[in-house]
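Next comes input.cif, with mmCIF, C-alpha atoms.
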data_start
#
loop_
_atom_site.label_atom_id
_atom_site.label_comp_id
_atom_site.auth_asym_id
_atom_site.auth_seq_id
_atom_site.Cartn_x
_atom_site.Cartn_y
_atom_site.Cartn_z
CA MET A 1 -6.78 -1.28 17.70
CA SER A 2 -4.23 -0.43 20.37
CA ASN A 3 -4.81 3.00 21.98
CA LEU A 4 -7.04 4.13 19.14
CA SER A 5 -10.46 2.54 19.24
CA ARG A 6 -12.17 1.69 15.99
CA ARG A 7 -14.91 4.19 16.79
CA LYS A 8 -12.42 6.97 17.49
CA PHE A 9 -10.56 6.13 14.28
CA ILE A 10 -13.71 6.45 12.20
CA ILE A 11 -14.65 9.73 13.90
CA THR A 12 -11.14 11.13 13.46
CA ALA A 13 -10.95 10.22 9.78
CA GLY A 14 -14.47 11.48 9.18
CA ALA A 15 -13.85 14.79 10.93
CA THR A 16 -10.64 15.27 8.98
CA ALA A 17 -12.41 14.54 5.71
CA ALA A 18 -15.10 17.08 6.54
CA GLY A 19 -12.48 19.67 7.46
CA THR A 20 -10.66 19.37 4.17
CA LEU A 21 -13.53 19.04 1.69
CA LEU A 22 -13.18 22.65 0.60
CA ALA A 23 -9.49 22.17 -0.04
CA HIS A 24 -9.92 19.07 -2.15
CA GLY A 25 -13.39 19.25 -3.60
CA CYS A 26 -16.27 16.87 -2.95
CA SER A 27 -15.04 14.33 -5.47
CA SER A 28 -12.04 13.46 -3.30
CA SER A 29 -14.31 11.76 -0.79
CA SER A 30 -16.98 10.43 -3.13
CA PRO A 31 -16.47 6.97 -4.68
CA THR A 32 -16.61 7.01 -8.45
CA SER A 33 -17.18 4.01 -10.65
CA ASN A 34 -15.19 3.52 -13.84
CA ALA A 35 -16.67 0.45 -15.43
CA THR A 36 -15.73 1.07 -19.04
CA PRO A 37 -12.13 1.12 -20.26
CA SER A 38 -11.24 4.32 -22.10
CA GLY A 39 -8.29 4.49 -24.45
CA ALA A 40 -7.80 0.75 -24.60
CA SER A 41 -4.58 -0.26 -26.27
CA PRO A 42 -5.03 -2.05 -29.60
CA SER A 43 -2.50 -4.64 -28.44
CA ALA A 44 -4.72 -5.40 -25.46
CA ALA A 45 -8.07 -5.52 -27.25
CA PRO A 46 -10.60 -7.58 -25.29
CA ALA A 47 -11.38 -9.91 -28.20
CA VAL A 48 -9.22 -12.74 -26.93
CA ASN A 49 -10.18 -16.37 -27.41
CA ILE A 50 -10.32 -18.03 -24.01
CA ASN A 51 -10.15 -21.77 -23.61
CA PRO A 52 -13.60 -22.77 -22.29
CA ALA A 53 -11.86 -24.73 -19.54
CA ASP A 54 -10.24 -21.49 -18.34
CA ALA A 55 -13.28 -19.24 -18.72
CA PRO A 56 -13.97 -17.32 -15.49
CA GLU A 57 -17.07 -18.29 -13.52
CA VAL A 58 -18.26 -14.67 -13.65
CA THR A 59 -17.37 -11.68 -15.80
CA ALA A 60 -17.96 -9.02 -13.15
CA ALA A 61 -16.07 -7.90 -10.06
CA LYS A 62 -15.86 -4.66 -8.10
CA LEU A 63 -12.36 -3.56 -7.09
CA GLY A 64 -11.49 -0.57 -4.93
CA PHE A 65 -8.50 1.75 -5.04
CA ILE A 66 -7.15 4.74 -3.13
CA ALA A 67 -5.78 7.78 -4.99
CA LEU A 68 -2.12 6.78 -4.86
CA THR A 69 0.43 6.19 -7.61
CA ASP A 70 0.78 2.55 -6.58
CA SER A 71 -2.84 1.91 -7.60
CA ALA A 72 -1.65 2.28 -11.21
CA PRO A 73 -1.74 -1.47 -12.05
CA LEU A 74 -5.49 -1.63 -11.38
CA ILE A 75 -6.13 1.59 -13.29
CA ILE A 76 -4.01 0.53 -16.26
CA ALA A 77 -5.59 -2.94 -16.31
CA GLN A 78 -8.94 -1.18 -16.64
CA GLU A 79 -7.91 1.53 -19.10
CA LYS A 80 -6.04 -0.87 -21.36
CA GLY A 81 -8.82 -3.45 -21.46
CA LEU A 82 -6.77 -6.13 -19.73
CA PHE A 83 -9.54 -7.34 -17.43
CA ALA A 84 -11.75 -7.82 -20.49
CA LYS A 85 -8.87 -9.48 -22.32
CA TYR A 86 -8.96 -12.31 -19.80
CA GLY A 87 -12.73 -12.67 -19.71
CA MET A 88 -13.54 -10.20 -16.92
CA LYS A 89 -15.34 -7.72 -19.16
CA ASP A 90 -17.54 -6.24 -16.44
CA VAL A 91 -14.92 -5.29 -13.84
CA GLN A 92 -15.45 -1.97 -12.09
CA VAL A 93 -12.54 -0.12 -10.48
CA THR A 94 -13.96 2.18 -7.83
CA LYS A 95 -12.35 5.06 -5.94
CA GLN A 96 -12.48 4.76 -2.15
CA ALA A 97 -12.28 7.77 0.18
CA SER A 98 -9.99 6.18 2.77
CA TRP A 99 -8.63 2.87 4.01
CA PRO A 100 -11.46 2.53 6.59
CA VAL A 101 -13.94 2.93 3.72
CA THR A 102 -12.05 0.28 1.74
CA ARG A 103 -12.28 -2.07 4.73
CA ASP A 104 -15.99 -1.38 5.24
CA ASN A 105 -16.78 -2.02 1.57
CA LEU A 106 -14.77 -5.25 1.60
CA GLU A 107 -16.74 -6.35 4.64
CA LEU A 108 -19.96 -5.76 2.71
CA GLY A 109 -18.91 -7.46 -0.52
CA SER A 110 -20.37 -6.50 -3.89
CA ASP A 111 -23.62 -8.37 -3.30
CA LYS A 112 -24.38 -5.91 -0.50
CA GLY A 113 -23.21 -2.80 -2.30
CA GLY A 114 -19.52 -3.07 -1.41
CA ILE A 115 -16.49 -4.43 -3.29
CA ASP A 116 -14.93 -7.84 -3.96
CA GLY A 117 -11.29 -6.83 -3.79
CA ALA A 118 -8.93 -3.88 -3.62
CA HIS A 119 -5.59 -2.15 -3.96
CA ILE A 120 -4.78 -2.30 -0.26
CA LEU A 121 -2.16 -1.87 2.45
CA SER A 122 -0.52 -5.31 2.71
CA PRO A 123 -1.26 -5.84 6.45
CA MET A 124 -4.99 -5.06 6.12
CA PRO A 125 -6.07 -8.44 4.65
CA TYR A 126 -4.47 -10.05 7.71
CA GLN A 127 -6.15 -7.63 10.10
CA MET A 128 -9.49 -8.38 8.45
CA THR A 129 -8.94 -12.14 8.44
CA LEU A 130 -8.13 -12.05 12.16
CA GLY A 131 -11.02 -9.69 12.86
CA THR A 132 -8.86 -7.06 14.58
CA ILE A 133 -10.25 -4.16 12.52
CA THR A 134 -13.68 -5.41 11.45
CA LYS A 135 -17.15 -4.65 12.77
CA GLY A 136 -17.73 -6.58 15.98
CA ASN A 137 -14.27 -8.12 15.49
CA GLN A 138 -15.83 -10.67 13.17
CA PRO A 139 -13.21 -12.26 10.87
CA VAL A 140 -13.57 -11.48 7.17
CA PRO A 141 -11.23 -13.94 5.40
CA MET A 142 -9.16 -12.28 2.69
CA ASN A 143 -6.66 -13.51 0.10
CA ILE A 144 -3.60 -11.68 -1.21
CA VAL A 145 -3.05 -12.68 -4.85
CA ALA A 146 -0.28 -10.24 -5.80
CA ARG A 147 1.96 -7.53 -4.43
CA LEU A 148 1.31 -4.35 -6.39
CA ASN A 149 4.62 -2.59 -5.80
CA THR A 150 7.77 -2.22 -3.77
CA ASN A 151 9.19 1.09 -2.47
CA GLY A 152 7.48 4.34 -3.46
CA GLN A 153 6.44 5.82 -0.10
CA ALA A 154 8.05 8.59 1.94
CA ILE A 155 8.14 10.27 5.33
CA SER A 156 7.75 14.03 5.07
CA LEU A 157 8.10 16.84 7.59
CA SER A 158 6.75 20.36 7.99
CA LYS A 159 9.05 23.06 6.60
CA LYS A 160 9.55 24.35 10.16
CA TYR A 161 12.04 21.47 10.61
CA LEU A 162 13.93 22.17 7.40
CA ASP A 163 17.04 23.45 9.20
CA LEU A 164 17.42 20.11 11.00
CA LYS A 165 17.95 18.35 7.66
CA VAL A 166 16.55 15.15 9.14
CA GLY A 167 17.05 12.02 7.05
CA THR A 168 17.06 8.37 8.05
CA ASP A 169 18.06 9.32 11.60
CA SER A 170 14.96 10.59 13.38
CA ALA A 171 16.80 11.26 16.69
CA PRO A 172 17.10 15.08 16.22
CA LEU A 173 13.31 15.31 16.23
CA LYS A 174 12.94 14.07 19.79
CA ALA A 175 13.83 17.45 21.25
CA ALA A 176 12.43 19.45 18.34
CA PHE A 177 9.02 17.81 18.46
CA GLY A 178 8.33 18.23 22.15
CA GLN A 179 5.51 16.11 23.62
CA ASN A 180 2.54 14.64 21.73
CA VAL A 181 3.23 16.34 18.42
CA PRO A 182 0.80 14.88 15.85
CA VAL A 183 2.35 12.73 13.14
CA ALA A 184 0.07 11.23 10.52
CA ILE A 185 -0.22 7.79 8.99
CA THR A 186 -2.98 6.34 6.84
CA PHE A 187 -4.27 3.38 8.88
CA PRO A 188 -3.27 1.83 12.24
CA GLY A 189 -1.10 -1.23 11.61
CA GLY A 190 -0.89 -0.47 7.89
CA THR A 191 2.35 -0.06 5.98
CA HIS A 192 2.65 3.70 6.50
CA ASP A 193 2.08 3.31 10.21
CA LEU A 194 4.78 0.64 10.38
CA TRP A 195 7.30 2.69 8.40
CA MET A 196 6.69 5.74 10.61
CA ARG A 197 6.91 3.72 13.82
CA TYR A 198 10.05 1.85 12.74
CA TRP A 199 11.78 5.11 11.77
CA LEU A 200 10.86 6.92 14.97
CA ALA A 201 11.74 3.98 17.23
CA ALA A 202 15.11 3.50 15.51
CA GLY A 203 15.92 7.08 16.54
CA GLY A 204 14.85 6.54 20.13
CA ILE A 205 11.39 8.10 19.78
CA ASN A 206 8.55 6.03 21.21
CA PRO A 207 5.60 6.44 18.82
CA ASP A 208 3.14 5.58 21.60
CA THR A 209 4.38 8.02 24.25
CA ASP A 210 6.57 10.68 22.62
CA VAL A 211 4.26 11.69 19.74
CA SER A 212 0.61 11.37 18.81
CA VAL A 213 0.11 9.08 15.81
CA ILE A 214 -3.10 9.99 13.95
CA PRO A 215 -4.79 8.45 10.87
CA ILE A 216 -5.48 10.71 7.89
CA PRO A 217 -6.68 9.61 4.40
CA PRO A 218 -3.84 9.91 1.82
CA PRO A 219 -5.42 12.61 -0.39
CA GLN A 220 -5.87 14.85 2.66
CA MET A 221 -2.28 14.81 3.92
CA VAL A 222 -1.05 17.98 2.22
CA ALA A 223 -4.08 20.04 3.20
CA ASN A 224 -3.69 18.98 6.81
CA MET A 225 0.01 19.83 6.83
CA LYS A 226 -0.90 23.27 5.47
CA SER A 227 -3.42 23.80 8.25
CA GLY A 228 -0.93 22.71 10.92
CA SER A 229 -2.88 19.57 11.86
CA MET A 230 0.32 17.51 11.86
CA GLU A 231 4.09 17.98 11.82
CA ALA A 232 5.01 14.87 9.85
CA PHE A 233 3.37 12.19 7.76
CA CYS A 234 4.07 8.93 6.01
CA VAL A 235 2.13 8.24 2.85
CA GLY A 236 2.53 7.00 -0.69
CA GLU A 237 3.03 9.16 -3.74
CA PRO A 238 2.08 11.56 -5.20
CA TRP A 239 1.34 13.32 -1.91
CA ASN A 240 4.95 13.69 -0.72
CA ALA A 241 5.93 15.16 -4.07
CA GLN A 242 2.96 17.53 -3.94
CA LEU A 243 4.01 18.70 -0.46
CA VAL A 244 7.44 19.64 -1.84
CA THR A 245 5.98 21.24 -4.97
CA GLN A 246 3.74 23.45 -2.86
CA LYS A 247 6.67 24.26 -0.52
CA VAL A 248 4.69 23.18 2.53
CA GLY A 249 7.31 20.71 3.73
CA TYR A 250 10.08 18.37 2.69
CA THR A 251 10.81 14.68 2.34
CA ALA A 252 13.08 13.36 5.08
CA LEU A 253 13.47 10.00 3.39
CA VAL A 254 11.84 7.66 0.94
CA THR A 255 10.91 4.37 2.56
CA GLY A 256 13.23 2.34 0.35
CA GLU A 257 15.99 3.98 2.38
CA LEU A 258 14.60 2.25 5.47
CA TRP A 259 14.30 -1.13 3.79
CA LYS A 260 15.48 -1.53 0.20
CA ASP A 261 12.81 -2.91 -2.12
CA HIS A 262 10.34 -3.33 0.72
CA PRO A 263 6.87 -4.71 -0.01
CA GLU A 264 4.05 -2.17 -0.05
CA LYS A 265 0.51 -2.47 -1.47
CA ALA A 266 -1.25 -5.71 -2.37
CA LEU A 267 -4.09 -6.86 -4.56
CA ALA A 268 -6.47 -8.64 -2.21
CA LEU A 269 -9.80 -10.36 -2.81
CA ARG A 270 -12.42 -11.59 -0.40
CA GLY A 271 -11.66 -15.21 0.48
CA ASP A 272 -15.20 -16.40 -0.16
CA TRP A 273 -15.18 -14.72 -3.59
CA VAL A 274 -11.95 -16.50 -4.52
CA GLU A 275 -13.31 -19.82 -3.28
CA LYS A 276 -16.46 -19.39 -5.36
CA ASN A 277 -14.68 -17.96 -8.43
CA PRO A 278 -11.14 -19.38 -8.61
CA LYS A 279 -10.84 -18.95 -12.39
CA ALA A 280 -12.07 -15.37 -12.18
CA ALA A 281 -9.53 -14.68 -9.43
CA LYS A 282 -6.79 -16.02 -11.69
CA ALA A 283 -8.06 -13.92 -14.62
CA ILE A 284 -8.03 -10.73 -12.51
CA THR A 285 -4.53 -11.56 -11.34
CA MET A 286 -3.36 -12.11 -14.92
CA ALA A 287 -4.72 -8.72 -15.96
CA VAL A 288 -3.00 -6.96 -13.07
CA LEU A 289 0.31 -8.76 -13.62
CA GLU A 290 0.29 -7.73 -17.29
CA ALA A 291 -0.48 -4.17 -16.22
CA GLN A 292 2.42 -4.24 -13.75
CA GLN A 293 4.79 -5.29 -16.52
CA TRP A 294 3.49 -2.43 -18.67
CA CYS A 295 3.79 0.12 -15.84
CA ASP A 296 7.40 -0.82 -15.16
CA LYS A 297 8.61 -0.09 -18.69
CA ALA A 298 10.36 3.26 -18.89
CA GLU A 299 8.77 4.05 -22.24
CA ASN A 300 5.32 3.85 -20.64
CA HIS A 301 5.91 6.09 -17.62
CA ASP A 302 4.70 9.30 -19.26
CA GLU A 303 1.50 7.69 -20.51
CA MET A 304 0.89 5.95 -17.19
CA CYS A 305 1.13 9.23 -15.32
CA GLN A 306 -1.12 11.00 -17.83
CA ILE A 307 -3.76 8.31 -17.38
CA ILE A 308 -3.75 8.05 -13.60
CA SER A 309 -3.68 11.84 -13.17
CA GLN A 310 -7.20 12.13 -14.58
CA ASP A 311 -9.98 13.40 -12.31
CA LYS A 312 -11.71 10.03 -12.24
CA TRP A 313 -8.54 8.44 -10.92
CA LEU A 314 -6.04 10.44 -8.78
CA LYS A 315 -7.19 13.97 -9.70
CA VAL A 316 -3.63 15.27 -9.35
CA PRO A 317 -1.47 17.33 -11.76
CA VAL A 318 0.80 15.12 -13.86
CA ALA A 319 3.78 17.20 -12.69
CA ASP A 320 3.20 15.96 -9.13
CA ILE A 321 3.28 12.32 -10.22
CA ILE A 322 5.77 11.91 -13.01
CA GLY A 323 9.10 12.80 -11.38
CA ARG A 324 9.09 10.27 -8.58
CA SER A 325 7.53 7.67 -10.89
CA LYS A 326 10.75 7.94 -12.91
CA GLY A 327 12.96 7.83 -9.83
CA GLN A 328 13.63 11.59 -9.97
CA ILE A 329 13.24 12.68 -6.35
CA ASP A 330 13.39 16.27 -5.20
CA TYR A 331 13.49 16.06 -1.40
CA GLY A 332 12.80 19.76 -0.99
CA THR A 333 16.06 20.23 0.91
CA GLY A 334 18.37 20.85 -2.02
CA ARG A 335 18.96 17.11 -2.35
CA ILE A 336 17.85 15.78 -5.71
CA GLU A 337 18.20 12.18 -6.87
CA ALA A 338 18.16 11.90 -10.66
CA ALA A 339 17.77 8.12 -10.64
CA SER A 340 16.95 6.79 -7.19
CA PRO A 341 17.90 3.13 -6.67
CA VAL A 342 14.86 2.74 -4.43
CA ALA A 343 12.17 4.19 -6.68
CA MET A 344 8.79 2.48 -6.95
CA LYS A 345 8.82 -0.82 -8.80
CA PHE A 346 5.78 -2.66 -10.12
CA TRP A 347 7.44 -5.72 -11.67
CA ALA A 348 11.25 -5.57 -11.60
CA ASP A 349 13.13 -7.61 -9.01
CA ASN A 350 10.07 -9.73 -8.20
CA ALA A 351 8.10 -6.68 -7.02
CA SER A 352 4.80 -8.33 -7.97
CA TYR A 353 5.36 -11.64 -6.22
CA PRO A 354 3.78 -11.80 -2.72
CA TYR A 355 6.58 -13.25 -0.63
CA LYS A 356 5.24 -14.96 2.47
CA SER A 357 8.38 -13.89 4.33
CA HIS A 358 7.38 -10.25 3.87
CA ASP A 359 3.91 -10.87 5.23
CA ALA A 360 5.54 -12.53 8.25
CA TRP A 361 7.28 -9.20 8.96
CA PHE A 362 4.02 -7.28 8.69
CA LEU A 363 2.39 -9.59 11.23
CA THR A 364 5.41 -9.43 13.54
CA GLU A 365 5.33 -5.63 13.51
CA ASN A 366 1.59 -5.62 14.17
CA ILE A 367 2.29 -7.80 17.20
CA ARG A 368 5.14 -5.45 18.18
CA TRP A 369 2.77 -2.48 18.44
CA GLY A 370 -0.14 -4.30 20.01
CA TYR A 371 -2.40 -4.41 16.95
CA MET A 372 -2.45 -8.20 16.93
CA PRO A 373 -2.30 -10.69 19.84
CA ALA A 374 1.15 -11.93 20.80
CA THR A 375 -0.28 -15.44 20.45
CA THR A 376 -0.96 -14.99 16.72
CA ASP A 377 0.28 -18.00 14.75
CA ILE A 378 2.25 -16.07 12.13
CA LYS A 379 3.00 -18.95 9.76
CA ALA A 380 -0.52 -20.39 9.80
CA THR A 381 -2.07 -16.97 9.27
CA VAL A 382 0.24 -16.15 6.36
CA ASP A 383 -0.45 -19.54 4.76
CA LYS A 384 -4.19 -18.87 5.02
CA VAL A 385 -4.18 -15.38 3.51
CA ASN A 386 -1.26 -15.38 1.07
CA ARG A 387 -2.28 -17.08 -2.21
CA GLU A 388 1.04 -16.94 -4.02
CA ASP A 389 -0.15 -20.10 -5.77
CA ILE A 390 -2.70 -18.01 -7.66
CA TRP A 391 0.05 -15.55 -8.58
CA LYS A 392 2.21 -18.38 -9.93
CA ALA A 393 -0.68 -19.87 -11.89
CA ALA A 394 -1.40 -16.46 -13.43
CA ALA A 395 2.28 -15.84 -14.21
CA THR A 396 2.60 -19.26 -15.84
CA ALA A 397 -0.51 -18.64 -17.94
CA LEU A 398 1.06 -15.33 -19.07
CA SER A 399 4.23 -17.21 -20.10
CA VAL A 400 6.33 -15.25 -17.63
CA PRO A 401 9.92 -16.55 -17.91
CA ALA A 402 10.82 -19.09 -15.23
CA ALA A 403 13.62 -16.80 -14.05
CA GLN A 404 10.98 -14.23 -13.06
CA ILE A 405 8.96 -16.69 -10.98
CA PRO A 406 10.49 -17.09 -7.49
CA ALA A 407 11.30 -20.66 -6.52
CA THR A 408 10.73 -20.01 -2.83
CA THR A 409 8.15 -18.09 -0.80
CA SER A 410 10.89 -16.43 1.25
CA ARG A 411 13.24 -13.67 0.18
CA GLY A 412 15.44 -14.67 3.10
CA VAL A 413 16.87 -12.54 5.89
CA GLU A 414 16.08 -8.85 5.44
CA THR A 415 18.37 -6.05 6.67
CA PHE A 416 17.05 -2.62 7.62
CA PHE A 417 18.82 0.73 7.43
CA ASP A 418 19.84 0.59 11.10
CA GLY A 419 21.47 -2.83 10.78
CA VAL A 420 18.59 -4.76 12.34
CA LYS A 421 17.90 -8.07 10.62
CA PHE A 422 14.64 -9.95 10.26
CA ASP A 423 14.79 -13.72 9.82
CA PRO A 424 11.31 -14.83 8.74
CA GLU A 425 12.02 -18.23 10.26
CA LYS A 426 12.67 -16.64 13.66
CA PRO A 427 10.27 -13.71 14.11
CA GLU A 428 10.32 -14.09 17.90
CA GLU A 429 14.08 -13.41 17.97
CA TYR A 430 13.59 -10.25 15.92
CA LEU A 431 10.84 -9.09 18.28
CA LYS A 432 12.90 -9.87 21.34
CA GLY A 433 15.80 -7.74 20.08
CA LEU A 434 13.77 -4.57 19.56
CA LYS A 435 14.18 -1.92 22.26
CA ILE A 436 10.98 0.06 21.77
CA LYS A 437 7.80 -2.00 21.50
CA LYS A 438 4.57 -2.93 23.21
CA ALA A 439 4.76 -6.70 22.91
#

Same coordinates, now as structure tokens:
Amino acid sequence: MSNLSRRKFIITAGATAAGTLLAHGCSSSSPTSNATPSGASPSAAPAVNINPADAPEVTAAKLGFIALTDSAPLIIAQEKGLFAKYGMKDVQVTKQASWPVTRDNLELGSDKGGIDGAHILSPMPYQMTLGTITKGNQPVPMNIVARLNTNGQAISLSKKYLDLKVGTDSAPLKAAFGQNVPVAITFPGGTHDLWMRYWLAAGGINPDTDVSVIPIPPPQMVANMKSGSMEAFCVGEPWNAQLVTQKVGYTALVTGELWKDHPEKALALRGDWVEKNPKAAKAITMAVLEAQQWCDKAENHDEMCQIISQDKWLKVPVADIIGRSKGQIDYGTGRIEAASPVAMKFWADNASYPYKSHDAWFLTENIRWGYMPATTDIKATVDKVNREDIWKAAATALSVPAAQIPATTSRGVETFFDGVKFDPEKPEEYLKGLKIKKA
């Protein structure tokens, strides 16, 4: 795992969790099981007649989530009875303490006390499949069956840098930071790590030599900023909003400003579970896709935030969630966006579809920073992990309009805020053109 060994990562995350238990309460690091939907919508009652030919092989599955707003599709699918609606009446949605814990439980699988799938950072299923982050570097094949959201993350700074008014240009921080200032991400090679590294490198700051990049579980970011354990962090909501609300720091930028409508979390299942239970995998995907459609409707935002704010889910005040969920972003600098064009999306603009071209970028960036071997066959690996065919089968079964089902697995050439372009057909050219990198 580059300069940070797996052992050191576990120790660091564990020590941080121990140091912030008093600030967050024991429940923030204790998995909780929520097997029974509460407040199921009458329109999504589980009494749905399923064609015997489509009946799932099993009715149970254990899915993990981290306390982040973008886990909403899994939570809503549970609360609204959508898993049961498609024959998966015994699904459990279980809170995980951190991304390393999510990984460890996926390695175990539910038959050994772990989980079958999860709300997860999009690169992690690839890291697990390649064995770069697993115990003994043993591959644990994973499948991505849906993207859960686009946009919705942010990079935030300590209030001591407020006068710099740093935005998309990170360059002013090079002198202000000094050497080895700690900046936090949530998992090495994960989305937040890649956003932080891209942003710093674009401003001429080498994330491997000019700062110290440390992993911290999402729910512990604000407490650690308060204690001075880091000067900046990249994480999903609602933790950036909470930082601003508590006047501990400010948001330099939301990640959609780095890359408009960028892919973020995924719904991933263990590959062996999908192989054994293909109809159940499709049923789970259908439930989550329907939940994503529900979450994206403006008239449901208030209810969504009320539900996910509950102690058994995010355990966060609704006020810290609702604004940015509606695209209302207070950066904590005096800048306020009433309707951000790069707010989190769950369904609109193909947010749910897992483009293979996006996964190609995640692998290329993992190679860039030394998390994956330079010899990694990007296309073959993406084809193995990305099961957009399951997504399409689920969408078709839900009668999603053809116009909302992408005809190609590539969104084409992507352009980043600094003008750099990524052609998924030529990842080596993109890598070659980057100035700061390991590979």

Can you spell out as a PyMOL selection string the set of residues that the PyMOL selection byres ((chain A and resi 226) around 12) selects in the structure I just provided?
chain A and resi 20+23+157-160+220-225+227-232+242-244+246-249

Where does the PyMOL selection byres ((chain A and resi 322) around 10) land in this file, that is, which residues does it pick, as a PDB file with C-alpha atoms, in the coordinates of the input?
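In the end it all went to result16.pdb:
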ATOM      1  CA  THR A  69       0.430   6.190  -7.610  1.00  0.00           C
ATOM      2  CA  PRO A 238       2.080  11.560  -5.200  1.00  0.00           C
ATOM      3  CA  ALA A 241       5.930  15.160  -4.070  1.00  0.00           C
ATOM      4  CA  HIS A 301       5.910   6.090 -17.620  1.00  0.00           C
ATOM      5  CA  ASP A 302       4.700   9.300 -19.260  1.00  0.00           C
ATOM      6  CA  GLU A 303       1.500   7.690 -20.510  1.00  0.00           C
ATOM      7  CA  MET A 304       0.890   5.950 -17.190  1.00  0.00           C
ATOM      8  CA  CYS A 305       1.130   9.230 -15.320  1.00  0.00           C
ATOM      9  CA  GLN A 306      -1.120  11.000 -17.830  1.00  0.00           C
ATOM     10  CA  SER A 309      -3.680  11.840 -13.170  1.00  0.00           C
ATOM     11  CA  PRO A 317      -1.470  17.330 -11.760  1.00  0.00           C
ATOM     12  CA  VAL A 318       0.800  15.120 -13.860  1.00  0.00           C
ATOM     13  CA  ALA A 319       3.780  17.200 -12.690  1.00  0.00           C
ATOM     14  CA  ASP A 320       3.200  15.960  -9.130  1.00  0.00           C
ATOM     15  CA  ILE A 321       3.280  12.320 -10.220  1.00  0.00           C
ATOM     16  CA  GLY A 323       9.100  12.800 -11.380  1.00  0.00           C
ATOM     17  CA  ARG A 324       9.090  10.270  -8.580  1.00  0.00           C
ATOM     18  CA  SER A 325       7.530   7.670 -10.890  1.00  0.00           C
ATOM     19  CA  LYS A 326      10.750   7.940 -12.910  1.00  0.00           C
ATOM     20  CA  GLY A 327      12.960   7.830  -9.830  1.00  0.00           C
ATOM     21  CA  GLN A 328      13.630  11.590  -9.970  1.00  0.00           C
TER      22      GLN A 328
END

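Of the residues listed (A:Pro73, A:Leu258, A:Ile144, A:Val316), A:Ile144 shows the shortest atom-to-atom separation from Asp383 of chain A; distances use only C-alpha atoms.
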
Between A:Leu398, A:Ala291, A:Ala201, A:Ile76, which has the minimum distance to Lys437 of chain A (counting only C-alpha atoms)?
A:Ala201

Length of the atom CA of Gly419 of chain A to atom CA of Trp361 of chain A vector [Å]
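Spanning atom CA of Gly419 of chain A to atom CA of Trp361 of chain A is a straight-line distance of 15.7 Å.
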
What does the structure give for the distance between atom CA of Trp99 of chain A and atom CA of Arg411 of chain A, in Å to one decimal?
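Atom-to-atom, atom CA of Trp99 of chain A and atom CA of Arg411 of chain A are spaced 27.7 Å apart.
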
For atom CA of Lys260 of chain A and atom CA of Val420 of chain A, determine how far apart the two atoms are, in Å to one decimal place.
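We find that atom CA of Lys260 of chain A and atom CA of Val420 of chain A lie 12.9 Å from each other.
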
Once the PyMOL selection byres ((chain A and resi 116) around 12) has been applied to the shown file, what residues remain in the selection, as a ChimeraX atom specification?
/A:60-65,91-94,102-115,117-119,140-143,267-274,276-277,280-281,284

From the list A:Ala393, A:Val58, A:Leu68, A:Ala374, which residue is nearest Lys432 of chain A when using only C-alpha atoms?
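With only C-alpha atoms as the atom set, the closest residue is A:Ala374.
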
Would you list the contacts of Gln293 of chain A as a ChimeraX atom specification, taking every protein, DNA or RNA residue within 12 Å and counting only C-alpha atoms, but skipping same-chain residues closer than 6 positions in sequence?
/A:72-73,76-77,148-149,286-287,299-301,304,345-352,395,398,400,404
